[in-house]
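First comes the structure, then the notes that go with it.
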Amino acid sequence: MRERLFVLALGLGLTLAGPCGQRPYTLETEEGLLGGEEMSYDGEVLVFEGRACLEREGLYLEAPAIRYLEAEGSLQAEGLRGEAEGWRVEAEALQGKALQGVRLSQGRLKAEVRRLSLETPLKGEGVLLESPAYRVRAAEATFTREEARLRGFLATPCPCGEDVRLRMEEATFRVATGELRGEATLGLWALEVPLGEATANANHRPELQSPLVLSSSEAGGWTVGLQDFPLPRPGEEIGRWERRLTLLATGLGSPQEALRLGLREGRVGAAFQLGYAPGVWAWAEDLFLGYSPSPPDADTPRLEARYAPTLRLEDLTLRPFLRYAETGRSQGFTLGLEGAYRHTLREGPWALTLQPEALLALYPFAGYSPYLAVGGSLEASYREGDFLLRAGYAGRLEPLTPTPPFTWENRDEFQRLRLEGALGPWGLGYTLENPLGNRLDRLEGSYRDEALGNFRLAYVRGSLEEVRLSYAMPLPDRACCQALWLAPEVGINGEGLTRLGLTLRLYDGCFAYEVRWQNVLRGQYDEATGQSLSFGLSLR
């Protein structure tokens with residue numbers, strides 16, 4: 001028997017040209033070609049050692065030693081590495097016809113498989129997959145080079161727990177694109193919402209934002225309701241639903257109470273409002289129509305029709321527009337063109353970005369003077385390692401008239417100069433706004449540390465002088481399932497406090513719950529004073 005095995009091994013070694021076929025000793029088995037630099041025979045066990053390998057089409061494994069039990073036709077090995085159907089493989093052991101304790105990786109995807117059968121195609125049990133966007137578990141999986149079919153599938157974007165989850169009885173996973181497809185159910189806490197056929201992408205975090213709105217402002221009262229609530233359609237990608245519903249009650253507790261209802265799908269939609277400033281609006285791609293019987297002010301149109309397509313050609317963006325509007329002080333047609341050009345030059349550590357822009361509006365048959373706004377920005381920067389210098393200017397002029405007949409095309413004049421420098425965690429910046437009008441100077445220093453957080457100290461001089469101090473804790477690591485984050489802000493001058501602010505976030509295994517409060521006691525120029533409060537919920 002031993003002589004027969006040696007002859008077979010040597011003969012196959014001469015005829016096979018794969019990596020395993022180049023070993024001095026080889027043997028063809030039902031699971032593929034065995035090979036090694038050394039071979040020994042112990043009863044009915046054939047042992048390959050010295051870069052021992054197992055190879056067949058789509059599979060290549062190496063181990064310190066591989067044992068072949070002739071009577072059973074089975075294999076035994078430990079500490080295996082190699083490749084299977086395009087996946088890099090590490091396995092604790094090979095028992096019979098299956099790998100145990102398997103770790104698979106391909107690109108940014110990583111998977112753990114409790115048991116991986118060496119059938120064709122490969123079949124796994126107890127699968128845990130980690131991708132940039134999801135943690136995935138499946139009871140069973142079939143792996144090929146192009147795709148994996150997962151059964152008993154559950155995916156969650158949460159770093160801990162499964163408060164948000166996607167269930168599919170059977171899912172098809174395309175390895176090259178990261179696309180997941182199947183009949184899905186979306187879970188949110190204890191709620192399960194059937195989606196029908198749906199897709200997801202393991203490489204993209206789902207765009208799941210809370211549609212719940214609860215906020216207040218110093219002038220507009222409370223706002224409560226739903227904004228952009230998703231209404232999924234079969235086949236859409238999770239989190240990228242185009243159909244959205246809005247139902248908001250605004251201005252509660254103030255004279256400006258109103259109810260707003262809207263529905264949109266992509267760039268087509270309609271909305272109407274009852275109560276304060278009632279109206280109805282509709283839009284489709286670049287076309288907009290609106291009617292308001294009781295506008296809140298003389299600049300809000302009673303009637304508006306607008307067509308404004310956007311044209312892009314490399315760095316150039318053009319937006320021609322044709323508009324008819326009736327307001328409390330003007331009415332008629334507007335024919336205009338708005339354009340911007342953005343270009344960046346880079347040479348080693350240097351960068352220069354130029355962005356000129358302009359808007360021209362004509363008023364045929366209405367007798368109003370043309371309106372022109374010209375401006376743009378220029379920014380130069382130098383970056384070398386942790387050292388950064390940046391200087392930028394932005395501004396706009398209205399050379400013909402500072403007040404067009406309609407506010408829609410109005411582009412107010414402004415000037416802004418920004419100087420900034422940074423060295424490692426330290427930063428210093430100076431901003432000058434509107435030197436010829438409501439001049440505002442801001443000098444700010446900052447220090448950022450991964451362990452301590454972000455500290456900012458600013459001196460602001462405008463209609464009043466104040467010193468602003470702010471701090472933000474380091475953002476918690478996603479591996480941390482429970483965390484608290486704070487960002488307080490305070491402003492003071494010789495007369496006392498000028499402003500107070502606090503942002504508080506509570507992180508659990510899946511969500512960040514945020515409360516943001518600000519009280520402006522003394523503002524700069526026409527800055528609104530008073531308290532504002534908002535609540536937010538976002539996916540971690």
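Labels for the structure tokens follow display order: chains A, B, ..., residues from 1 in each chain, ligands from 1.
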
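Omitting Ser470 (chain A) and its sequence neighbours fewer than 2 positions away, and counting only C-alpha atoms, the residues within 10 Å are Ser446, Asn454, Phe455, Arg456, Leu457, Ala458, Arg468, Ala472, Ala487, Pro488, Glu489, Val490, Gly491, Leu500, Gly501 and Leu502 of chain A.
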
Export N, CA, C and O atoms of the chosen residues as a CSV table (one decimal), in the first residue's frame?
chain,number,residue,atom,x,y,z
A,446,SER,N,-7.6,77.7,19.5
A,446,SER,CA,-8.2,76.4,19.8
A,446,SER,C,-7.1,75.4,20.2
A,446,SER,O,-5.9,75.6,19.7
A,454,ASN,N,-11.9,69.3,22.8
A,454,ASN,CA,-11.6,70.5,22.0
A,454,ASN,C,-12.0,71.7,22.8
A,454,ASN,O,-13.1,71.9,23.2
A,455,PHE,N,-11.0,72.6,23.0
A,455,PHE,CA,-11.1,73.9,23.7
A,455,PHE,C,-11.0,75.0,22.8
A,455,PHE,O,-10.2,75.1,21.9
A,456,ARG,N,-11.9,76.0,22.9
A,456,ARG,CA,-11.9,77.2,22.1
A,456,ARG,C,-12.1,78.5,22.9
A,456,ARG,O,-12.9,78.5,23.8
A,457,LEU,N,-11.3,79.5,22.6
A,457,LEU,CA,-11.4,80.8,23.3
A,457,LEU,C,-11.4,81.9,22.2
A,457,LEU,O,-10.5,81.9,21.4
A,458,ALA,N,-12.4,82.7,22.2
A,458,ALA,CA,-12.6,83.7,21.1
A,458,ALA,C,-12.9,85.1,21.7
A,458,ALA,O,-13.6,85.2,22.6
A,468,ARG,N,-15.8,84.6,24.2
A,468,ARG,CA,-16.6,83.3,24.2
A,468,ARG,C,-15.7,82.2,24.5
A,468,ARG,O,-14.6,82.0,23.9
A,472,ALA,N,-15.8,71.0,23.9
A,472,ALA,CA,-16.5,69.8,23.4
A,472,ALA,C,-15.7,68.6,23.8
A,472,ALA,O,-14.5,68.5,23.6
A,487,ALA,N,-21.1,69.7,25.4
A,487,ALA,CA,-20.4,70.8,24.7
A,487,ALA,C,-21.0,72.1,25.2
A,487,ALA,O,-22.0,72.6,24.6
A,488,PRO,N,-20.5,72.7,26.3
A,488,PRO,CA,-21.0,73.9,26.8
A,488,PRO,C,-20.3,75.1,26.1
A,488,PRO,O,-19.2,75.0,25.6
A,489,GLU,N,-21.0,76.3,26.1
A,489,GLU,CA,-20.5,77.5,25.6
A,489,GLU,C,-21.0,78.7,26.5
A,489,GLU,O,-22.1,78.7,26.9
A,490,VAL,N,-20.1,79.6,26.7
A,490,VAL,CA,-20.5,80.8,27.5
A,490,VAL,C,-19.8,82.0,26.8
A,490,VAL,O,-18.7,82.0,26.3
A,491,GLY,N,-20.5,83.2,26.9
A,491,GLY,CA,-20.0,84.4,26.4
A,491,GLY,C,-20.1,85.5,27.5
A,491,GLY,O,-21.2,85.6,28.2
A,500,LEU,N,-25.3,81.9,26.7
A,500,LEU,CA,-25.1,80.6,27.3
A,500,LEU,C,-25.6,79.5,26.3
A,500,LEU,O,-26.6,79.7,25.6
A,501,GLY,N,-24.9,78.4,26.3
A,501,GLY,CA,-25.3,77.3,25.4
A,501,GLY,C,-24.8,76.0,25.9
A,501,GLY,O,-23.8,75.9,26.6
A,502,LEU,N,-25.6,75.0,25.6
A,502,LEU,CA,-25.2,73.6,26.0
A,502,LEU,C,-25.8,72.6,25.1
A,502,LEU,O,-27.0,72.7,24.8

Given only C-alpha atoms, how would the per-residue table for region 411-507 of chain A near region 354-374 of chain A read, listing every residue at most 9 Å away with its closest atom pair and distance in Å to one decimal, sorted by chain and number, as JSON lines?
{"residue": "A:Arg411", "atom": "CA", "partner": "A:Ala373", "partner_atom": "CA", "distance": 6.4}
{"residue": "A:Asp412", "atom": "CA", "partner": "A:Ala373", "partner_atom": "CA", "distance": 8.1}
{"residue": "A:Glu413", "atom": "CA", "partner": "A:Ala373", "partner_atom": "CA", "distance": 8.1}

Residue selection dump (all heavy atoms) as a compact mmCIF listing (two decimals), in the first residue's frame:
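File produced: out.txt:
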# COMPACT_ATOMS: atom_id res chain seq x y z
N ARG A 411 -28.85 89.09 -3.58
CA ARG A 411 -27.60 88.58 -3.03
C ARG A 411 -26.90 89.75 -2.33
O ARG A 411 -26.30 90.60 -2.98
CB ARG A 411 -26.69 88.02 -4.13
CG ARG A 411 -27.31 86.94 -5.00
CD ARG A 411 -27.55 85.66 -4.21
NE ARG A 411 -28.02 84.58 -5.07
CZ ARG A 411 -29.29 84.29 -5.28
NH1 ARG A 411 -30.24 85.01 -4.70
NH2 ARG A 411 -29.64 83.29 -6.08
N ASP A 412 -27.03 89.80 -1.01
CA ASP A 412 -26.54 90.95 -0.25
C ASP A 412 -25.02 91.11 -0.38
O ASP A 412 -24.28 90.13 -0.52
CB ASP A 412 -26.89 90.81 1.24
CG ASP A 412 -28.38 91.00 1.49
OD1 ASP A 412 -29.00 91.75 0.72
OD2 ASP A 412 -28.90 90.38 2.43
N GLU A 413 -24.58 92.36 -0.31
CA GLU A 413 -23.15 92.65 -0.29
C GLU A 413 -22.53 92.19 1.02
O GLU A 413 -23.14 92.28 2.09
CB GLU A 413 -22.89 94.15 -0.48
CG GLU A 413 -23.24 94.67 -1.86
CD GLU A 413 -22.82 96.11 -2.04
OE1 GLU A 413 -22.54 96.79 -1.03
OE2 GLU A 413 -22.75 96.57 -3.20

Cut-off 10 Å: closest region 124-221 of chain A/region 246-264 of chain A atom pairs per residue, using only C-alpha atoms, as JSON lines:
{"residue": "A:Pro211", "atom": "CA", "partner": "A:Thr246", "partner_atom": "CA", "distance": 8.5}
{"residue": "A:Leu212", "atom": "CA", "partner": "A:Leu248", "partner_atom": "CA", "distance": 9.5}
{"residue": "A:Val213", "atom": "CA", "partner": "A:Leu248", "partner_atom": "CA", "distance": 8.0}
{"residue": "A:Leu214", "atom": "CA", "partner": "A:Leu248", "partner_atom": "CA", "distance": 9.7}
{"residue": "A:Ser215", "atom": "CA", "partner": "A:Thr250", "partner_atom": "CA", "distance": 9.4}
{"residue": "A:Ser216", "atom": "CA", "partner": "A:Gly251", "partner_atom": "CA", "distance": 8.3}
{"residue": "A:Ser217", "atom": "CA", "partner": "A:Gly251", "partner_atom": "CA", "distance": 8.9}
{"residue": "A:Ala219", "atom": "CA", "partner": "A:Ser254", "partner_atom": "CA", "distance": 7.9}
{"residue": "A:Gly220", "atom": "CA", "partner": "A:Gly251", "partner_atom": "CA", "distance": 4.8}
{"residue": "A:Gly221", "atom": "CA", "partner": "A:Gly251", "partner_atom": "CA", "distance": 4.4}

Take the residues that were just selected and, keeping N, CA, C and O atoms, output them as a PDB file, in the first residue's frame.
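After the write, part_34.pdb holds the following:
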ATOM      1  N   PRO A 211     -37.176  61.351  11.802  1.00  0.00           N
ATOM      2  CA  PRO A 211     -38.121  62.317  11.232  1.00  0.00           C
ATOM      3  C   PRO A 211     -38.873  63.114  12.299  1.00  0.00           C
ATOM      4  O   PRO A 211     -39.628  64.022  11.973  1.00  0.00           O
ATOM      5  N   LEU A 212     -38.691  62.778  13.575  1.00  0.00           N
ATOM      6  CA  LEU A 212     -39.397  63.470  14.650  1.00  0.00           C
ATOM      7  C   LEU A 212     -38.787  64.844  14.876  1.00  0.00           C
ATOM      8  O   LEU A 212     -37.561  64.987  14.965  1.00  0.00           O
ATOM      9  N   VAL A 213     -39.624  65.860  14.979  1.00  0.00           N
ATOM     10  CA  VAL A 213     -39.176  67.234  15.195  1.00  0.00           C
ATOM     11  C   VAL A 213     -39.823  67.763  16.470  1.00  0.00           C
ATOM     12  O   VAL A 213     -41.050  67.699  16.625  1.00  0.00           O
ATOM     13  N   LEU A 214     -39.010  68.289  17.368  1.00  0.00           N
ATOM     14  CA  LEU A 214     -39.488  68.953  18.574  1.00  0.00           C
ATOM     15  C   LEU A 214     -38.485  70.039  18.915  1.00  0.00           C
ATOM     16  O   LEU A 214     -37.359  69.762  19.317  1.00  0.00           O
ATOM     17  N   SER A 215     -38.871  71.293  18.702  1.00  0.00           N
ATOM     18  CA  SER A 215     -37.949  72.395  18.929  1.00  0.00           C
ATOM     19  C   SER A 215     -38.730  73.651  19.235  1.00  0.00           C
ATOM     20  O   SER A 215     -39.935  73.748  18.965  1.00  0.00           O
ATOM     21  N   SER A 216     -38.035  74.630  19.807  1.00  0.00           N
ATOM     22  CA  SER A 216     -38.637  75.929  20.073  1.00  0.00           C
ATOM     23  C   SER A 216     -37.627  77.009  19.750  1.00  0.00           C
ATOM     24  O   SER A 216     -36.418  76.772  19.743  1.00  0.00           O
ATOM     25  N   SER A 217     -38.125  78.215  19.465  1.00  0.00           N
ATOM     26  CA  SER A 217     -37.263  79.363  19.214  1.00  0.00           C
ATOM     27  C   SER A 217     -37.787  80.546  19.998  1.00  0.00           C
ATOM     28  O   SER A 217     -38.896  80.521  20.541  1.00  0.00           O
ATOM     29  N   ALA A 219     -38.820  83.332  18.938  1.00  0.00           N
ATOM     30  CA  ALA A 219     -39.880  84.120  18.304  1.00  0.00           C
ATOM     31  C   ALA A 219     -41.000  83.262  17.732  1.00  0.00           C
ATOM     32  O   ALA A 219     -42.146  83.703  17.671  1.00  0.00           O
ATOM     33  N   GLY A 220     -40.714  82.048  17.322  1.00  0.00           N
ATOM     34  CA  GLY A 220     -41.693  81.274  16.575  1.00  0.00           C
ATOM     35  C   GLY A 220     -42.427  80.212  17.344  1.00  0.00           C
ATOM     36  O   GLY A 220     -43.124  79.397  16.753  1.00  0.00           O
ATOM     37  N   GLY A 221     -42.307  80.126  18.673  1.00  0.00           N
ATOM     38  CA  GLY A 221     -42.986  79.107  19.447  1.00  0.00           C
ATOM     39  C   GLY A 221     -42.409  77.722  19.214  1.00  0.00           C
ATOM     40  O   GLY A 221     -41.266  77.562  18.804  1.00  0.00           O
TER      41      GLY A 221
END

| said: With only C-alpha atoms as the counted atoms, please give the residues lying no more than 10 Å from region 313-317 of chain A, apart from itself and same-chain residues fewer than 4 positions off, as a ChimeraX atom specification. | reply: /A:338-344,355,357

Those residues you just picked out, can you put them in a file as a compact mmCIF listing (two decimals), in the first residue's frame with N, CA, C and O atoms?
# COMPACT_ATOMS: atom_id res chain seq x y z
N GLU A 338 -27.50 82.89 -13.27
CA GLU A 338 -26.53 82.84 -12.17
C GLU A 338 -25.46 81.82 -12.53
O GLU A 338 -25.76 80.73 -13.03
N GLY A 339 -24.20 82.17 -12.30
CA GLY A 339 -23.12 81.27 -12.65
C GLY A 339 -21.98 81.32 -11.66
O GLY A 339 -21.77 82.32 -10.97
N ALA A 340 -21.26 80.20 -11.56
CA ALA A 340 -20.10 80.11 -10.68
C ALA A 340 -19.07 79.19 -11.32
O ALA A 340 -19.42 78.21 -12.00
N TYR A 341 -17.82 79.52 -11.12
CA TYR A 341 -16.71 78.71 -11.64
C TYR A 341 -15.76 78.43 -10.48
O TYR A 341 -15.37 79.35 -9.76
N ARG A 342 -15.40 77.18 -10.31
CA ARG A 342 -14.50 76.81 -9.21
C ARG A 342 -13.33 76.01 -9.76
O ARG A 342 -13.53 75.03 -10.49
N HIS A 343 -12.12 76.45 -9.42
CA HIS A 343 -10.93 75.77 -9.90
C HIS A 343 -9.87 75.79 -8.82
O HIS A 343 -9.68 76.80 -8.13
N THR A 344 -9.19 74.66 -8.66
CA THR A 344 -8.14 74.53 -7.65
C THR A 344 -6.83 74.15 -8.31
O THR A 344 -6.78 73.20 -9.12
N GLN A 355 -12.91 80.98 -7.04
CA GLN A 355 -14.31 80.75 -7.36
C GLN A 355 -15.02 82.08 -7.61
O GLN A 355 -15.61 82.66 -6.70
N GLU A 357 -18.18 84.30 -9.13
CA GLU A 357 -19.60 84.03 -9.33
C GLU A 357 -20.32 85.33 -9.65
O GLU A 357 -19.84 86.42 -9.30

| query | Nearest to Glu304 (chain A) among A:Glu62, A:Glu326, A:Glu30, A:Glu85, with distances taken over only C-alpha atoms: which residue is it? | reply | A:Glu326

| message | Please extract the residues of region 301-464 of chain A with a backbone DSSP assignment of strand (DSSP E) and present them as a ChimeraX atom specification. | response | /A:303-307,311-313,316-326,331-341,343-347,350-362,371-384,387-397,414-423,426-433,440-449,453-461

| message | When you look at region 150-154 of chain A with a cut-off of 9 Å (counting only C-alpha atoms), what residues show up, excluding the ones that are within fewer than 3 positions of it in the same chain? I need them as a VMD selection string. | response | chain A and resid 127 135 to 143 165 to 173

Export, as a JSON list (two decimals), in the first residue's frame, the selected residues with C-alpha atoms.
[["chain", "number", "residue", "atom", "x", "y", "z"],
["A", 127, "VAL", "CA", -21.88, 33.42, 9.95],
["A", 135, "ARG", "CA", -22.84, 43.90, 11.41],
["A", 136, "VAL", "CA", -24.46, 40.85, 9.81],
["A", 137, "ARG", "CA", -25.31, 37.43, 11.17],
["A", 138, "ALA", "CA", -26.81, 34.52, 9.27],
["A", 139, "ALA", "CA", -27.67, 30.95, 10.17],
["A", 140, "GLU", "CA", -26.31, 29.59, 6.89],
["A", 141, "ALA", "CA", -24.43, 30.93, 3.88],
["A", 142, "THR", "CA", -23.30, 29.69, 0.48],
["A", 143, "PHE", "CA", -20.14, 31.38, -0.84],
["A", 165, "ARG", "CA", -32.16, 45.87, 12.26],
["A", 166, "LEU", "CA", -32.86, 44.51, 8.81],
["A", 167, "ARG", "CA", -34.22, 40.97, 8.54],
["A", 168, "MET", "CA", -34.35, 38.80, 5.43],
["A", 169, "GLU", "CA", -35.27, 35.13, 5.32],
["A", 170, "GLU", "CA", -32.87, 34.83, 2.39],
["A", 171, "ALA", "CA", -30.52, 37.51, 1.11],
["A", 172, "THR", "CA", -28.22, 37.70, -1.88],
["A", 173, "PHE", "CA", -24.93, 39.50, -1.22]]

| request: Write out as a list of chain:residue names the residues lying within 7 Å of region 106-120 of chain A, counting only C-alpha atoms and excluding same-chain residues fewer than 4 positions away. | output: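 Near neighbours after the sequence-gap exclusion: A:Trp87, A:Arg88, A:Lys97, A:Ala98, A:Leu99, A:Gln100, A:Gly101, A:Val102, A:Gly124, A:Glu125, A:Gly126, A:Val127, A:Leu128, A:Leu129, A:Glu130, A:Ser131, A:Pro132.
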
| request: Determine, counting only C-alpha atoms, which protein, DNA and RNA residues have an atom within 6 Å of an atom of Gly279 (chain A); residues of the same chain fewer than 6 positions away are not included. Present the result as a list in words. | output: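 Final neighbour list, sorted by chain and number: Phe272, Gln273, Tyr291 and Ser292 of chain A.
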
Given the selection you just returned, output its residues as a file containing C-alpha atoms, formatted as a compact mmCIF listing (two decimals), in the first residue's frame.
# COMPACT_ATOMS: atom_id res chain seq x y z
CA PHE A 272 -49.78 73.13 1.69
CA GLN A 273 -50.03 75.13 4.89
CA TYR A 291 -49.81 80.45 -4.18
CA SER A 292 -50.40 82.16 -0.82

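Of the listed residues A:Pro206, A:Gly161, A:Gly275, A:Gly496, the one whose atoms come nearest to Trp189 (chain A) is A:Gly161, with distances taken using only C-alpha atoms.
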
| Residue list (helix (DSSP H, G or I), DSSP) for region 9-100 of chain A, as a PyMOL selection string | chain A and resi 9-15+20-22
